[in-house]
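A.B. asks: Before I ask anything, let me first share the structure, which is written out below as structure tokens.
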Amino acid sequence: MKKWEENIRRVVPYTPGEQPKVPGMIKLNTNENPYPPAPGVRRALQEMEEEGFRLYPDPACSSLIEALSERYQRPREQFFVGVGSDDVLAMAFLTFFNSGRPILFPDITYSFYPVWAELFGIPYERPALDEEFWIVKEDYVRENGGIIFPNPNAPTGLYMELEDVEEILGNNPDVVVIVDEAYVDFAGPSALELVDRYENLLVVQTFSKSRSMAGMRIGFAVGNPCLIKYLNDVKYSFNSYTMSQAALELGAAAVRDEAYFQDKVKRLVATRERTKKELRALGFRFPDSGANFIFASHESCPAKEIFEALRERRIYVRYFDAPRLRDYLRITIGTDEQMDTLLKALKEITSEKG
């Protein structure tokens, strides 16, 4: 090791899903939405003035926050926005998890959580999911420096009912509890309805899944104004201009088209439920997903073999070579046509290898 390397921070980075560039592929590995953004997004892009590119963006992100405030019928002071929910969550780790006590998140969950904890020097503990992959809420009744979990969880897709979320909140009044709701629009009620009752609750959502804007990198948090002020203090100490003016304007346009949003969410949920039935008929088992993906294992065919056979057919799903996960594939829900192609391939593969 060279002398100058001795003081370099070393971390094991997050590994994002593969982004292949293969003609004619079916990409079901990173939970992107197969449908285009709302029509107003394209119009907003076409109508952007030159100043939107030439001048610095609004550091207060006013246009997007105003649209979110109107959509969710909440004061502007309850919203924080960032470059995807990853940016929002990283800011939240940096802002709220500083007690020196370990924060808590599940052992099987979004794999960025331990990366941020290591990067920021935050101690952490990982209560295990039960045998059916459910979060055990009783494991979060212990001394801690904060709590974070996705709802629905990833990669399992399981949705925790709000009464259980509220039980975790009630047992942890002295720390910030973050509920990461990247997939909640495909599942059930959001913890947003608990924000006014729990001043220590921060709810984080994204435009990457249900709003078809993963490429724009837009995320937001909702919490009481005190939490939001603390987040903004950290943001302005780090980078005042975190979001481009294009992202702000296009994000606001997406939020305003509620009818399109609801239609595409319903369509994806219907496709997901049909796909579940077809997968069961092919010998797959899986937790009952409330997300835009299914976490599936076959009764006789190893997941890695299926993953590789699908890849040969230019169909990409996600495989995690890790304890408790290596028997499963995470399959993003695409269009009906894409899922039909997938199901046909899976029938061939499992017949050949069964």
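Residue numbers start at 1 in each chain; chains themselves are named A, B, ... in the order of the structure tokens; ligands are numbered from 1 in the order shown.
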Enumerate the residues of segment 203-320 of chain A with a DSSP assignment of helix (DSSP H, G or I), computed from the backbone, and present them as a PyMOL selection string.

C.D. replies: chain A and resi 214-216+225-238+245-256+258-281+303-312

A.B. asks: Find the residues near Ala128 of chain A: any atom within 9 Å, counting only C-alpha atoms, skip ones fewer than 4 places away on the same chain, and give them as a list in words.

C.D. replies: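 In the requested format, the answer is Phe105, Pro106, Asp107, Ile108, Phe133, Trp134, Ile135, Val136 and Asp139 of chain A.
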
A.B. asks: May I have the residues from that selection written out with N, CA and C atoms, as a tab-separated table (two decimals), in the first residue's frame?

C.D. replies:
```tsv
chain	number	residue	atom	x	y	z
A	105	PHE	N	-32.31	-2.42	10.67
A	105	PHE	CA	-33.01	-2.71	9.43
A	105	PHE	C	-32.92	-4.20	9.16
A	106	PRO	N	-33.84	-4.78	8.37
A	106	PRO	CA	-33.89	-6.23	8.22
A	106	PRO	C	-32.63	-6.82	7.60
A	107	ASP	N	-32.43	-8.12	7.84
A	107	ASP	CA	-31.26	-8.79	7.26
A	107	ASP	C	-31.42	-8.98	5.75
A	108	ILE	N	-32.66	-9.11	5.30
A	108	ILE	CA	-32.94	-9.18	3.86
A	108	ILE	C	-33.77	-7.95	3.53
A	133	PHE	N	-40.25	-14.78	5.33
A	133	PHE	CA	-39.71	-13.49	4.86
A	133	PHE	C	-40.44	-12.26	5.39
A	134	TRP	N	-41.20	-12.41	6.46
A	134	TRP	CA	-41.87	-11.25	7.06
A	134	TRP	C	-40.96	-10.55	8.06
A	135	ILE	N	-41.06	-9.22	8.13
A	135	ILE	CA	-40.41	-8.46	9.20
A	135	ILE	C	-41.08	-8.83	10.52
A	136	VAL	N	-40.27	-9.11	11.54
A	136	VAL	CA	-40.79	-9.45	12.87
A	136	VAL	C	-40.80	-8.17	13.69
A	139	ASP	N	-38.90	-7.56	16.99
A	139	ASP	CA	-37.44	-7.42	16.98
A	139	ASP	C	-36.99	-5.96	16.97
```

A.B. asks: As number ranges by chain, list the residues of segment 247-310 of chain A assigned to strand (DSSP E) by DSSP on the backbone atoms of this structure.

C.D. replies: A: 284-285, 293-298

A.B. asks: Identify which of the residues A:Ser240, A:Ser212, A:Asn172, A:Thr332 lies closest to Ile147 of chain A, counting only C-alpha atoms when measuring atom-to-atom distances.

C.D. replies: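 Checking each candidate against Ile147 of chain A, we get A:Asn172 as the closest.
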
A.B. asks: Please indicate the distance in Å from atom CA of Gln205 of chain A to atom CA of Ser99 of chain A, rounded to one decimal place.

C.D. replies: 25.0 Å

A.B. asks: Point out the residue among A:Asn232, A:Thr350, A:Asn224, A:Thr341 with the least atom-to-atom distance to Ser300 of chain A, counting only C-alpha atoms.

C.D. replies: A:Thr350

A.B. asks: Pick out the closest residue to Ala291 of chain A from this set: A:Leu45, A:Ala117, A:Met160, A:Ala92. Count only C-alpha atoms.

C.D. replies: A:Met160

A.B. asks: Kindly assemble as CSV a list of the segment 187-251 of chain A residues that lie within 6 Å of segment 68-88 of chain A, each paired with its nearest atom pair and their distance in Å to one decimal, using only C-alpha atoms, sorted first by chain and then by ascending residue number.

C.D. replies:
```
residue,atom,partner,partner_atom,distance
A:Thr206,CA,A:Ser85,CA,5.3
A:Arg217,CA,A:Gly84,CA,4.1
A:Ile218,CA,A:Gly84,CA,3.9
A:Gly219,CA,A:Gly84,CA,4.0
A:Phe220,CA,A:Val81,CA,4.1
A:Ala221,CA,A:Phe80,CA,5.0
A:Val222,CA,A:Phe79,CA,4.8
A:Gly223,CA,A:Gln78,CA,5.2
A:Asn224,CA,A:Gln78,CA,5.4
A:Pro225,CA,A:Gln78,CA,5.0
A:Met243,CA,A:Val83,CA,5.9
```

A.B. asks: Distance atom CA of Glu278 of chain A-atom CA of Glu348 of chain A, one decimal place?

C.D. replies: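 Calculated distance between atom CA of Glu278 of chain A and atom CA of Glu348 of chain A is 13.5 Å.
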
A.B. asks: Do a neighbour search on Gly188 of chain A at 9 Å with only C-alpha atoms, toss out local chain neighbours closer than 6 positions, and write the hits as a ChimeraX atom specification.

C.D. replies: /A:152,159-162,290

A.B. asks: May I have the residues from that selection written out with N, CA and C atoms, as a compact mmCIF listing (two decimals), in the first residue's frame?

C.D. replies:
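Produced file result07.txt, reproduced below:
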```
# COMPACT_ATOMS: atom_id res chain seq x y z
N PRO A 152 -43.67 -1.94 0.62
CA PRO A 152 -43.26 -3.34 0.71
C PRO A 152 -41.74 -3.49 0.79
N TYR A 159 -45.80 -6.64 1.96
CA TYR A 159 -46.32 -5.38 2.47
C TYR A 159 -46.77 -5.55 3.92
N MET A 160 -46.27 -4.68 4.79
CA MET A 160 -46.66 -4.68 6.20
C MET A 160 -47.86 -3.77 6.40
N GLU A 161 -48.89 -4.28 7.04
CA GLU A 161 -50.08 -3.47 7.30
C GLU A 161 -49.74 -2.29 8.20
N LEU A 162 -50.48 -1.19 8.03
CA LEU A 162 -50.16 0.04 8.75
C LEU A 162 -50.27 -0.11 10.26
N GLY A 290 -46.60 -7.34 -3.04
CA GLY A 290 -47.39 -6.14 -3.19
C GLY A 290 -46.63 -5.09 -3.98
```

A.B. asks: Looking at A:Asn239, A:Gln338, A:Ser208, A:Asn200, which one is nearest to Thr30 of chain A, with distances taken over only C-alpha atoms?

C.D. replies: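 Smallest separation from Thr30 of chain A among the options: A:Ser208.
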
A.B. asks: Taking only C-alpha atoms into account, which of A:Ala254, A:Leu89, A:Ile333, A:Leu342 comes nearest Ala44 of chain A?

C.D. replies: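 Smallest distance to Ala44 of chain A is found for A:Ala254.
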
A.B. asks: To one decimal place in Å, what is the distance between atom CA of Val179 of chain A and atom CA of Ser297 of chain A?

C.D. replies: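 About the pair atom CA of Val179 of chain A and atom CA of Ser297 of chain A: they are 27.0 Å apart.
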
A.B. asks: Let me make sure I understand: among A:Tyr113, A:Ala322, A:Val165, A:Asn31, which one has the smallest atom-to-atom distance to Gln19 of chain A if we use only C-alpha atoms?

C.D. replies: A:Asn31

A.B. asks: Would you list the contacts of segment 189-193 of chain A as a ChimeraX atom specification, taking every protein, DNA or RNA residue within 7 Å and counting only C-alpha atoms, but skipping same-chain residues closer than 2 positions in sequence?

C.D. replies: /A:162,184,195,203

A.B. asks: I need the chosen residues saved as an mmCIF file, in the first residue's frame, with N, CA and C atoms.

C.D. replies:
```cif
data_model
loop_
_atom_site.group_PDB
_atom_site.id
_atom_site.type_symbol
_atom_site.label_atom_id
_atom_site.label_comp_id
_atom_site.auth_asym_id
_atom_site.auth_seq_id
_atom_site.Cartn_x
_atom_site.Cartn_y
_atom_site.Cartn_z
ATOM 1 N N LEU A 162 -50.484 -1.193 8.026
ATOM 2 C CA LEU A 162 -50.158 0.036 8.750
ATOM 3 C C LEU A 162 -50.270 -0.113 10.258
ATOM 4 N N VAL A 184 -44.966 1.284 -2.702
ATOM 5 C CA VAL A 184 -46.244 1.286 -1.986
ATOM 6 C C VAL A 184 -47.442 1.493 -2.904
ATOM 7 N N VAL A 195 -48.136 10.402 9.360
ATOM 8 C CA VAL A 195 -47.148 11.467 9.569
ATOM 9 C C VAL A 195 -47.596 12.489 10.607
ATOM 10 N N VAL A 203 -41.404 9.401 5.735
ATOM 11 C CA VAL A 203 -41.845 8.502 4.673
ATOM 12 C C VAL A 203 -41.142 8.924 3.387
#
```

A.B. asks: Given only C-alpha atoms, how would the per-residue table for segment 28-130 of chain A near segment 154-158 of chain A read, listing every residue at most 10 Å away with its closest atom pair and distance in Å to one decimal, sorted by chain and number, as JSON lines?

C.D. replies:
```
{"residue": "A:Ile108", "atom": "CA", "partner": "A:Pro155", "partner_atom": "CA", "distance": 7.6}
{"residue": "A:Thr109", "atom": "CA", "partner": "A:Ala154", "partner_atom": "CA", "distance": 5.1}
{"residue": "A:Tyr110", "atom": "CA", "partner": "A:Ala154", "partner_atom": "CA", "distance": 5.6}
{"residue": "A:Ser111", "atom": "CA", "partner": "A:Ala154", "partner_atom": "CA", "distance": 8.8}
```

A.B. asks: Show me, as a PDB file with C-alpha atoms, in the first residue's frame, the residues that have an atom within 9 Å of segment 54-56 of chain A when counting only C-alpha atoms, minus same-chain residues fewer than 3 positions from it.

C.D. replies:
```pdb
ATOM      1  CA  GLU A  50     -33.609  28.011 -22.640  1.00  0.00           C
ATOM      2  CA  GLU A  51     -33.225  29.399 -19.123  1.00  0.00           C
ATOM      3  CA  PRO A  59     -32.496  25.294  -4.970  1.00  0.00           C
ATOM      4  CA  TYR A 241     -28.454  22.483  -6.496  1.00  0.00           C
ATOM      5  CA  SER A 244     -31.836  19.781 -12.361  1.00  0.00           C
ATOM      6  CA  GLN A 245     -34.516  22.190 -13.540  1.00  0.00           C
TER       7      GLN A 245
END
```

A.B. asks: For Ile122 of chain A, please output as an MDAnalysis selection string all residues within 8 Å (counting only C-alpha atoms; exclusion window: fewer than 3 positions along the same chain).

C.D. replies: chainID A and resid 97:98 100 102:103 117:119

A.B. asks: Would you save the residues of that selection, restricted to N, CA and C atoms, as a short mmCIF file (atom, residue, chain, number, x, y, z; two decimals), in the first residue's frame?

C.D. replies:
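Saved to again.cif:
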```
data_model
loop_
_atom_site.label_atom_id
_atom_site.label_comp_id
_atom_site.auth_asym_id
_atom_site.auth_seq_id
_atom_site.Cartn_x
_atom_site.Cartn_y
_atom_site.Cartn_z
N PHE A 97 -29.18 9.66 11.85
CA PHE A 97 -28.62 8.49 12.53
C PHE A 97 -27.23 8.81 13.08
N ASN A 98 -27.21 9.56 14.18
CA ASN A 98 -25.94 10.04 14.73
C ASN A 98 -25.78 9.82 16.23
N GLY A 100 -24.75 7.12 17.85
CA GLY A 100 -23.73 6.17 18.27
C GLY A 100 -24.32 4.81 18.60
N PRO A 102 -26.72 1.50 17.53
CA PRO A 102 -26.96 0.85 16.24
C PRO A 102 -28.34 1.15 15.70
N ILE A 103 -28.42 1.45 14.41
CA ILE A 103 -29.71 1.53 13.77
C ILE A 103 -30.15 0.12 13.40
N ALA A 117 -24.65 2.93 5.88
CA ALA A 117 -24.23 2.83 7.28
C ALA A 117 -22.71 2.74 7.38
N GLU A 118 -22.10 1.93 6.54
CA GLU A 118 -20.64 1.81 6.54
C GLU A 118 -19.98 3.11 6.10
N LEU A 119 -20.52 3.72 5.06
CA LEU A 119 -19.94 4.95 4.53
C LEU A 119 -19.93 6.07 5.56
#
```

A.B. asks: Which residues come within 12 Å of Leu343 of chain A, counting only C-alpha atoms, excluding same-chain residues fewer than 6 positions away, as an MDAnalysis selection string?

C.D. replies: chainID A and resid 274:284 306 310 315 331 333:334 336:337 349:350

A.B. asks: For C-alpha atoms, I'd like the residues from the last selection saved as a short mmCIF file (atom, residue, chain, number, x, y, z; two decimals), in the first residue's frame.

C.D. replies:
```
data_model
loop_
_atom_site.label_atom_id
_atom_site.label_comp_id
_atom_site.auth_asym_id
_atom_site.auth_seq_id
_atom_site.Cartn_x
_atom_site.Cartn_y
_atom_site.Cartn_z
CA ARG A 274 -52.20 -12.84 -13.58
CA THR A 275 -48.47 -13.61 -13.62
CA LYS A 276 -48.69 -15.03 -10.10
CA LYS A 277 -51.32 -17.54 -11.23
CA GLU A 278 -49.27 -18.55 -14.25
CA LEU A 279 -46.09 -18.95 -12.21
CA ARG A 280 -47.83 -21.14 -9.64
CA ALA A 281 -49.04 -23.37 -12.46
CA LEU A 282 -45.42 -23.76 -13.58
CA GLY A 283 -44.28 -24.90 -10.12
CA PHE A 284 -43.01 -21.59 -8.72
CA ILE A 306 -33.21 -20.47 -14.84
CA LEU A 310 -33.42 -16.75 -19.58
CA ILE A 315 -34.69 -12.07 -21.00
CA ILE A 331 -38.89 -10.79 -11.70
CA ILE A 333 -43.58 -6.97 -13.92
CA GLY A 334 -43.52 -5.79 -17.52
CA ASP A 336 -48.67 -8.29 -20.70
CA GLU A 337 -46.79 -9.13 -23.90
CA ILE A 349 -36.83 -24.09 -19.32
CA THR A 350 -38.51 -25.84 -16.40
#
```
